[in-house]
Amino acid sequence: CCRSSLQVTEEVREHLKTPIFNNWQWEEAEMLVLLQVMFTDLDFLSAFHIELEVLQNFLFEVYCHYNSIPFHNFRHCFCVTQMMYGLIWLTDLRSKLSRIDVLIMLTSALCHDLDHPGYNNVYQINARTDLALRYNDISPLENHHCAVAFGILSKPECNILKNLTSEQYKQIRGGMIKCILATDMARHNEILNKFKVMQPVFDFTNKDHKEVLMKIMVKVSDISNEARPMEVAEPWLDCLLQEFFNQSDTEKLKGLPVAPFMDRDKVSKPSSQTNFIRFVLLPLFSELTKLFPCLEVKFSHLEANLMLKETRKT
């Protein structure tokens, strides 16, 4: 079923390009087919000489490297990639960036949480895990996700980059590493502040500007659940809290520090996301909508979800 050449209707193809797409209506095998549609409809197969079977092998291998954990699982990977895909179409990025840049962003979204163990970087560092030791406490998870991605690409049968020049491969590898490492929330303010400075004078021909925009696009896609309609966003919050509680329970057992926002004894569901929306999501999305005013309407759910959560708190 995962290798199905399932016919995807025109209606679904168009819906796939929108931020209101509902991931909960699809099985994992169907999501694999929809990912194939994204790569195909962006003309990556012809532009980069990717054989369909190699793409299918690559997508299936990516699927196999996401763990069955409450939040950072294959469905999350699909949602982030789908949001990135939607943003590429909505902002007409294909006319503003090179085809390679677009491939970097979509593939980074796809691979950004590969083999996530369900415990965040703070846990890795405090618990002195193998990952923290391997990466010297510097973005252990993001470095790992990247390494797993290129491990998959090193298999000839999964290597969607095998027909590119060594220069193109180098560019894609460098770009993906930067984009995936940018998803470490510890670097959120640093990246957002860089974008804020560039945004009023943004130049699509400037390499540094493009690089920061690509990071911002991957970051927005990664944390975009609350920008979706409430019926799509709400189940994701349950998944996230479950993963948080699993971590804090383990931390308590091991005598490690526990973050208040992860502690089941201190977190109330209605209030758990309001600060995140207000202080992380809204500033990020509002900067992006200054560059792409067309997104303002598309992200109207963010304000609506925040208002609804505020009323539930009271």
# chains A, B, ... in the order shown; residues from 1 in each chain; ligands from 1

call {"tool": "residues_around", "arguments": {"residues": "Thr205 (chain A)", "least_positions_apart": "3", "cutoff": "10 Å", "atoms": "only C-alpha atoms", "output": "list in words"}}
result
Lys96, Leu97, Phe202, Asp208, His209 and Lys210 of chain A

call {"tool": "write_last_selection", "arguments": {"atoms": "N, CA, C and O atoms", "output": "PDB file, in the first residue's frame"}}
result
ATOM      1  N   LYS A  96      10.495  33.080  -6.817  1.00  0.00           N
ATOM      2  CA  LYS A  96      11.389  33.970  -6.067  1.00  0.00           C
ATOM      3  C   LYS A  96      12.695  33.290  -5.654  1.00  0.00           C
ATOM      4  O   LYS A  96      13.704  33.949  -5.449  1.00  0.00           O
ATOM      5  N   LEU A  97      12.640  31.966  -5.481  1.00  0.00           N
ATOM      6  CA  LEU A  97      13.840  31.222  -5.072  1.00  0.00           C
ATOM      7  C   LEU A  97      14.184  30.195  -6.144  1.00  0.00           C
ATOM      8  O   LEU A  97      13.360  29.872  -6.998  1.00  0.00           O
ATOM      9  N   PHE A 202      14.173  43.435   2.535  1.00  0.00           N
ATOM     10  CA  PHE A 202      14.429  42.063   2.087  1.00  0.00           C
ATOM     11  C   PHE A 202      14.709  42.002   0.587  1.00  0.00           C
ATOM     12  O   PHE A 202      14.029  42.625  -0.220  1.00  0.00           O
ATOM     13  N   ASP A 208      22.352  35.843   1.998  1.00  0.00           N
ATOM     14  CA  ASP A 208      22.102  35.815   3.447  1.00  0.00           C
ATOM     15  C   ASP A 208      20.618  35.970   3.753  1.00  0.00           C
ATOM     16  O   ASP A 208      20.082  35.317   4.646  1.00  0.00           O
ATOM     17  N   HIS A 209      19.951  36.862   3.030  1.00  0.00           N
ATOM     18  CA  HIS A 209      18.518  37.075   3.229  1.00  0.00           C
ATOM     19  C   HIS A 209      17.741  35.791   2.926  1.00  0.00           C
ATOM     20  O   HIS A 209      16.865  35.379   3.687  1.00  0.00           O
ATOM     21  N   LYS A 210      18.089  35.183   1.796  1.00  0.00           N
ATOM     22  CA  LYS A 210      17.416  33.932   1.392  1.00  0.00           C
ATOM     23  C   LYS A 210      17.589  32.849   2.441  1.00  0.00           C
ATOM     24  O   LYS A 210      16.662  32.121   2.768  1.00  0.00           O
TER      25      LYS A 210
END

call {"tool": "residues_around", "arguments": {"residues": "Leu241 (chain A)", "least_positions_apart": "4", "cutoff": "9 Å", "atoms": "only C-alpha atoms", "output": "MDAnalysis selection string"}}
result
chainID A and resid 70:71 236:237 245:246 262 264 267 269 272

call {"tool": "write_last_selection", "arguments": {"atoms": "N, CA and C atoms", "output": "PDB file, in the first residue's frame"}}
result
ATOM      1  N   PRO A  70       3.930  10.102  21.044  1.00  0.00           N
ATOM      2  CA  PRO A  70       2.674  10.874  20.955  1.00  0.00           C
ATOM      3  C   PRO A  70       2.694  12.028  19.963  1.00  0.00           C
ATOM      4  N   PHE A  71       3.799  12.801  19.900  1.00  0.00           N
ATOM      5  CA  PHE A  71       3.779  14.022  19.080  1.00  0.00           C
ATOM      6  C   PHE A  71       4.763  13.990  17.911  1.00  0.00           C
ATOM      7  N   TRP A 236      -3.687  17.906  18.332  1.00  0.00           N
ATOM      8  CA  TRP A 236      -2.223  17.997  18.404  1.00  0.00           C
ATOM      9  C   TRP A 236      -1.761  18.450  19.783  1.00  0.00           C
ATOM     10  N   LEU A 237      -2.564  19.315  20.413  1.00  0.00           N
ATOM     11  CA  LEU A 237      -2.196  19.775  21.760  1.00  0.00           C
ATOM     12  C   LEU A 237      -2.232  18.601  22.743  1.00  0.00           C
ATOM     13  N   PHE A 245       4.277  15.238  29.390  1.00  0.00           N
ATOM     14  CA  PHE A 245       4.048  14.562  30.675  1.00  0.00           C
ATOM     15  C   PHE A 245       4.917  13.309  30.794  1.00  0.00           C
ATOM     16  N   ASN A 246       5.072  12.592  29.690  1.00  0.00           N
ATOM     17  CA  ASN A 246       5.954  11.413  29.701  1.00  0.00           C
ATOM     18  C   ASN A 246       7.369  11.821  30.115  1.00  0.00           C
ATOM     19  N   MET A 262       5.850  21.399  31.401  1.00  0.00           N
ATOM     20  CA  MET A 262       5.755  19.977  31.071  1.00  0.00           C
ATOM     21  C   MET A 262       5.192  19.149  32.233  1.00  0.00           C
ATOM     22  N   ARG A 264       2.675  17.615  34.674  1.00  0.00           N
ATOM     23  CA  ARG A 264       1.227  17.340  34.659  1.00  0.00           C
ATOM     24  C   ARG A 264       0.524  17.914  35.895  1.00  0.00           C
ATOM     25  N   VAL A 267       0.267  22.002  34.777  1.00  0.00           N
ATOM     26  CA  VAL A 267      -0.218  22.472  33.467  1.00  0.00           C
ATOM     27  C   VAL A 267      -1.733  22.346  33.372  1.00  0.00           C
ATOM     28  N   LYS A 269      -4.661  22.554  30.441  1.00  0.00           N
ATOM     29  CA  LYS A 269      -4.690  22.492  28.975  1.00  0.00           C
ATOM     30  C   LYS A 269      -5.051  23.840  28.326  1.00  0.00           C
ATOM     31  N   SER A 272      -2.085  26.203  28.444  1.00  0.00           N
ATOM     32  CA  SER A 272      -0.757  25.691  28.083  1.00  0.00           C
ATOM     33  C   SER A 272      -0.214  26.305  26.793  1.00  0.00           C
TER      34      SER A 272
END

call {"tool": "residues_around", "arguments": {"residues": "His188 (chain A)", "least_positions_apart": "5", "cutoff": "9 Å", "atoms": "only C-alpha atoms", "output": "count of residues only"}}
result
5

call {"tool": "atom_distance", "arguments": {"atom1": "CA of Val220 (chain A)", "atom2": "CA of Leu284 (chain A)"}}
result
7.3 Å

call {"tool": "select_by_dssp", "arguments": {"residues": "region 104-144 of chain A", "states": "helix (DSSP H, G or I)", "output": "PyMOL selection string"}}
result
chain A and resi 104-111+121-126+130-134+140-144

call {"tool": "write_last_selection", "arguments": {"atoms": "N, CA and C atoms", "output": "mmCIF file, in the first residue's frame"}}
result
data_model
loop_
_atom_site.group_PDB
_atom_site.id
_atom_site.type_symbol
_atom_site.label_atom_id
_atom_site.label_comp_id
_atom_site.auth_asym_id
_atom_site.auth_seq_id
_atom_site.Cartn_x
_atom_site.Cartn_y
_atom_site.Cartn_z
ATOM 1 N N ILE A 104 15.326 22.082 -0.904
ATOM 2 C CA ILE A 104 15.957 22.095 0.425
ATOM 3 C C ILE A 104 14.885 22.276 1.501
ATOM 4 N N MET A 105 13.992 23.242 1.312
ATOM 5 C CA MET A 105 12.980 23.533 2.336
ATOM 6 C C MET A 105 12.003 22.378 2.523
ATOM 7 N N LEU A 106 11.530 21.811 1.423
ATOM 8 C CA LEU A 106 10.548 20.723 1.542
ATOM 9 C C LEU A 106 11.192 19.482 2.167
ATOM 10 N N THR A 107 12.413 19.161 1.735
ATOM 11 C CA THR A 107 13.085 17.967 2.258
ATOM 12 C C THR A 107 13.507 18.171 3.716
ATOM 13 N N SER A 108 13.868 19.394 4.074
ATOM 14 C CA SER A 108 14.196 19.699 5.474
ATOM 15 C C SER A 108 12.966 19.506 6.352
ATOM 16 N N ALA A 109 11.821 19.983 5.882
ATOM 17 C CA ALA A 109 10.572 19.815 6.644
ATOM 18 C C ALA A 109 10.290 18.328 6.851
ATOM 19 N N LEU A 110 10.492 17.561 5.810
ATOM 20 C CA LEU A 110 10.232 16.118 5.845
ATOM 21 C C LEU A 110 11.137 15.402 6.855
ATOM 22 N N CYS A 111 12.394 15.832 6.923
ATOM 23 C CA CYS A 111 13.407 15.117 7.718
ATOM 24 C C CYS A 111 13.673 15.754 9.077
ATOM 25 N N ASN A 121 15.790 18.454 24.047
ATOM 26 C CA ASN A 121 17.228 18.693 24.225
ATOM 27 C C ASN A 121 17.617 18.906 25.687
ATOM 28 N N VAL A 122 16.762 19.620 26.424
ATOM 29 C CA VAL A 122 17.070 19.873 27.838
ATOM 30 C C VAL A 122 17.207 18.542 28.578
ATOM 31 N N TYR A 123 16.284 17.623 28.279
ATOM 32 C CA TYR A 123 16.372 16.293 28.894
ATOM 33 C C TYR A 123 17.676 15.596 28.474
ATOM 34 N N GLN A 124 17.966 15.615 27.168
ATOM 35 C CA GLN A 124 19.173 14.940 26.661
ATOM 36 C C GLN A 124 20.412 15.421 27.425
ATOM 37 N N ILE A 125 20.487 16.741 27.605
ATOM 38 C CA ILE A 125 21.666 17.338 28.244
ATOM 39 C C ILE A 125 21.692 17.009 29.745
ATOM 40 N N ASN A 126 20.540 17.187 30.421
ATOM 41 C CA ASN A 126 20.502 16.918 31.867
ATOM 42 C C ASN A 126 20.728 15.438 32.189
ATOM 43 N N ASP A 130 23.480 9.581 25.271
ATOM 44 C CA ASP A 130 24.473 9.372 24.205
ATOM 45 C C ASP A 130 24.445 10.505 23.185
ATOM 46 N N LEU A 131 23.227 10.991 22.874
ATOM 47 C CA LEU A 131 23.118 12.070 21.878
ATOM 48 C C LEU A 131 23.776 13.343 22.391
ATOM 49 N N ALA A 132 23.529 13.662 23.658
ATOM 50 C CA ALA A 132 24.126 14.871 24.235
ATOM 51 C C ALA A 132 25.653 14.757 24.246
ATOM 52 N N LEU A 133 26.139 13.556 24.560
ATOM 53 C CA LEU A 133 27.592 13.347 24.581
ATOM 54 C C LEU A 133 28.174 13.444 23.173
ATOM 55 N N ARG A 134 27.458 12.836 22.220
ATOM 56 C CA ARG A 134 27.965 12.823 20.834
ATOM 57 C C ARG A 134 28.058 14.232 20.264
ATOM 58 N N PRO A 140 21.533 18.605 20.346
ATOM 59 C CA PRO A 140 21.737 17.164 20.126
ATOM 60 C C PRO A 140 20.681 16.552 19.203
ATOM 61 N N LEU A 141 19.406 16.893 19.435
ATOM 62 C CA LEU A 141 18.351 16.280 18.615
ATOM 63 C C LEU A 141 18.438 16.705 17.162
ATOM 64 N N GLU A 142 18.559 18.012 16.929
ATOM 65 C CA GLU A 142 18.568 18.511 15.548
ATOM 66 C C GLU A 142 19.767 17.970 14.769
ATOM 67 N N ASN A 143 20.911 17.892 15.447
ATOM 68 C CA ASN A 143 22.080 17.286 14.794
ATOM 69 C C ASN A 143 21.802 15.828 14.446
ATOM 70 N N HIS A 144 21.115 15.135 15.335
ATOM 71 C CA HIS A 144 20.790 13.723 15.106
ATOM 72 C C HIS A 144 19.807 13.573 13.938
#

call {"tool": "residues_around", "arguments": {"residues": "region 90-92 of chain A", "least_positions_apart": "3", "cutoff": "8 Å", "atoms": "only C-alpha atoms", "output": "list in words"}}
result
Lys17, Thr18, Gly86, Leu87, Ser95, Lys96, Phe292, Cys294 and Leu295 of chain A

call {"tool": "residues_around", "arguments": {"residues": "region 156-173 of chain A", "least_positions_apart": "4", "cutoff": "9 Å", "atoms": "only C-alpha atoms", "output": "ChimeraX atom specification"}}
result
/A:45,48-51,53-61,100-101,103-104,150,152,177-178

call {"tool": "write_last_selection", "arguments": {"atoms": "N, CA, C and O atoms", "output": "short mmCIF file (atom, residue, chain, number, x, y, z; two decimals), in the first residue's frame"}}
result
data_model
loop_
_atom_site.label_atom_id
_atom_site.label_comp_id
_atom_site.auth_asym_id
_atom_site.auth_seq_id
_atom_site.Cartn_x
_atom_site.Cartn_y
_atom_site.Cartn_z
N LEU A 45 10.97 15.77 -9.75
CA LEU A 45 11.42 14.54 -10.40
C LEU A 45 12.11 14.84 -11.72
O LEU A 45 13.19 14.30 -12.00
N PHE A 48 15.43 17.32 -11.08
CA PHE A 48 16.61 16.72 -10.44
C PHE A 48 16.83 15.26 -10.85
O PHE A 48 17.60 14.55 -10.21
N HIS A 49 16.12 14.85 -11.90
CA HIS A 49 16.29 13.48 -12.43
C HIS A 49 16.11 12.43 -11.35
O HIS A 49 16.96 11.54 -11.17
N ILE A 50 15.02 12.57 -10.59
CA ILE A 50 14.73 11.61 -9.52
C ILE A 50 13.83 10.52 -10.08
O ILE A 50 12.76 10.81 -10.63
N GLU A 51 14.26 9.28 -9.94
CA GLU A 51 13.41 8.17 -10.40
C GLU A 51 12.29 7.96 -9.37
O GLU A 51 12.53 8.03 -8.17
N GLU A 53 10.76 5.36 -8.32
CA GLU A 53 10.96 4.28 -7.35
C GLU A 53 11.94 4.70 -6.24
O GLU A 53 11.76 4.36 -5.07
N VAL A 54 12.95 5.48 -6.62
CA VAL A 54 13.91 5.98 -5.63
C VAL A 54 13.22 6.94 -4.66
O VAL A 54 13.43 6.89 -3.45
N LEU A 55 12.35 7.81 -5.20
CA LEU A 55 11.58 8.71 -4.33
C LEU A 55 10.71 7.92 -3.36
O LEU A 55 10.66 8.22 -2.17
N GLN A 56 10.04 6.89 -3.88
CA GLN A 56 9.17 6.06 -3.02
C GLN A 56 9.99 5.36 -1.93
O GLN A 56 9.58 5.31 -0.78
N ASN A 57 11.16 4.84 -2.31
CA ASN A 57 12.04 4.20 -1.32
C ASN A 57 12.47 5.20 -0.25
O ASN A 57 12.48 4.90 0.95
N PHE A 58 12.83 6.41 -0.71
CA PHE A 58 13.27 7.45 0.22
C PHE A 58 12.15 7.81 1.19
O PHE A 58 12.37 7.85 2.42
N LEU A 59 10.94 8.05 0.66
CA LEU A 59 9.81 8.43 1.53
C LEU A 59 9.48 7.32 2.52
O LEU A 59 9.20 7.58 3.69
N PHE A 60 9.54 6.08 2.05
CA PHE A 60 9.21 4.95 2.93
C PHE A 60 10.27 4.82 4.04
O PHE A 60 9.95 4.55 5.20
N GLU A 61 11.51 5.04 3.67
CA GLU A 61 12.59 4.96 4.65
C GLU A 61 12.47 6.08 5.69
O GLU A 61 12.70 5.87 6.89
N ILE A 100 16.40 24.51 -6.37
CA ILE A 100 17.18 23.81 -5.33
C ILE A 100 16.78 24.31 -3.94
O ILE A 100 16.63 23.52 -3.00
N ASP A 101 16.58 25.63 -3.78
CA ASP A 101 16.17 26.17 -2.48
C ASP A 101 14.83 25.60 -2.04
O ASP A 101 14.63 25.28 -0.86
N LEU A 103 13.55 22.70 -2.98
CA LEU A 103 13.79 21.30 -2.62
C LEU A 103 14.39 21.19 -1.21
O LEU A 103 13.99 20.34 -0.42
N ILE A 104 15.33 22.08 -0.90
CA ILE A 104 15.96 22.09 0.42
C ILE A 104 14.88 22.28 1.50
O ILE A 104 14.86 21.55 2.50
N PHE A 150 20.81 12.11 6.29
CA PHE A 150 21.87 11.85 5.31
C PHE A 150 22.32 10.39 5.34
O PHE A 150 22.88 9.89 4.36
N ILE A 152 20.03 8.03 5.48
CA ILE A 152 19.05 7.48 4.54
C ILE A 152 19.48 7.79 3.10
O ILE A 152 19.45 6.92 2.22
N ILE A 177 21.14 21.15 6.43
CA ILE A 177 21.73 21.20 7.78
C ILE A 177 21.33 22.51 8.46
O ILE A 177 20.87 22.52 9.61
N LYS A 178 21.45 23.62 7.74
CA LYS A 178 21.10 24.92 8.32
C LYS A 178 19.61 24.98 8.70
O LYS A 178 19.25 25.47 9.77
#

call {"tool": "closest_residue", "arguments": {"among": "A:Lys194, A:Arg228, A:Arg278, A:Arg94", "to": "Val212 (chain A)", "atoms": "only C-alpha atoms"}}
result
A:Lys194

call {"tool": "atom_distance", "arguments": {"atom1": "CA of Glu226 (chain A)", "atom2": "CA of Leu306 (chain A)"}}
result
8.4 Å

call {"tool": "closest_residue", "arguments": {"among": "A:Val102, A:Arg128, A:Thr9, A:Leu240", "to": "Ile88 (chain A)", "atoms": "only C-alpha atoms"}}
result
A:Val102

call {"tool": "closest_residue", "arguments": {"among": "A:Asn225, A:Asn305, A:Thr40, A:Thr129", "to": "Ile20 (chain A)", "atoms": "only C-alpha atoms"}}
result
A:Asn225

call {"tool": "closest_residue", "arguments": {"among": "A:Cys179, A:Ile138, A:Ala127, A:Ala304", "to": "Leu256 (chain A)", "atoms": "only C-alpha atoms"}}
result
A:Ala127

call {"tool": "residues_around", "arguments": {"residues": "Leu32 (chain A)", "least_positions_apart": "5", "cutoff": "12 Å", "atoms": "only C-alpha atoms", "output": "NGL selection string"}}
result
:A and (1-6 or 8 or 23 or 26-27 or 37-39 or 55-64 or 74-75 or 77-79 or 81-82 or 110)

call {"tool": "closest_residue", "arguments": {"among": "A:Asn275, A:Asn22, A:Leu282, A:Gly174", "to": "Glu211 (chain A)", "atoms": "only C-alpha atoms"}}
result
A:Gly174

call {"tool": "closest_residue", "arguments": {"among": "A:Ala259, A:Glu234, A:Gln7, A:Lys254", "to": "Leu308 (chain A)", "atoms": "only C-alpha atoms"}}
result
A:Glu234
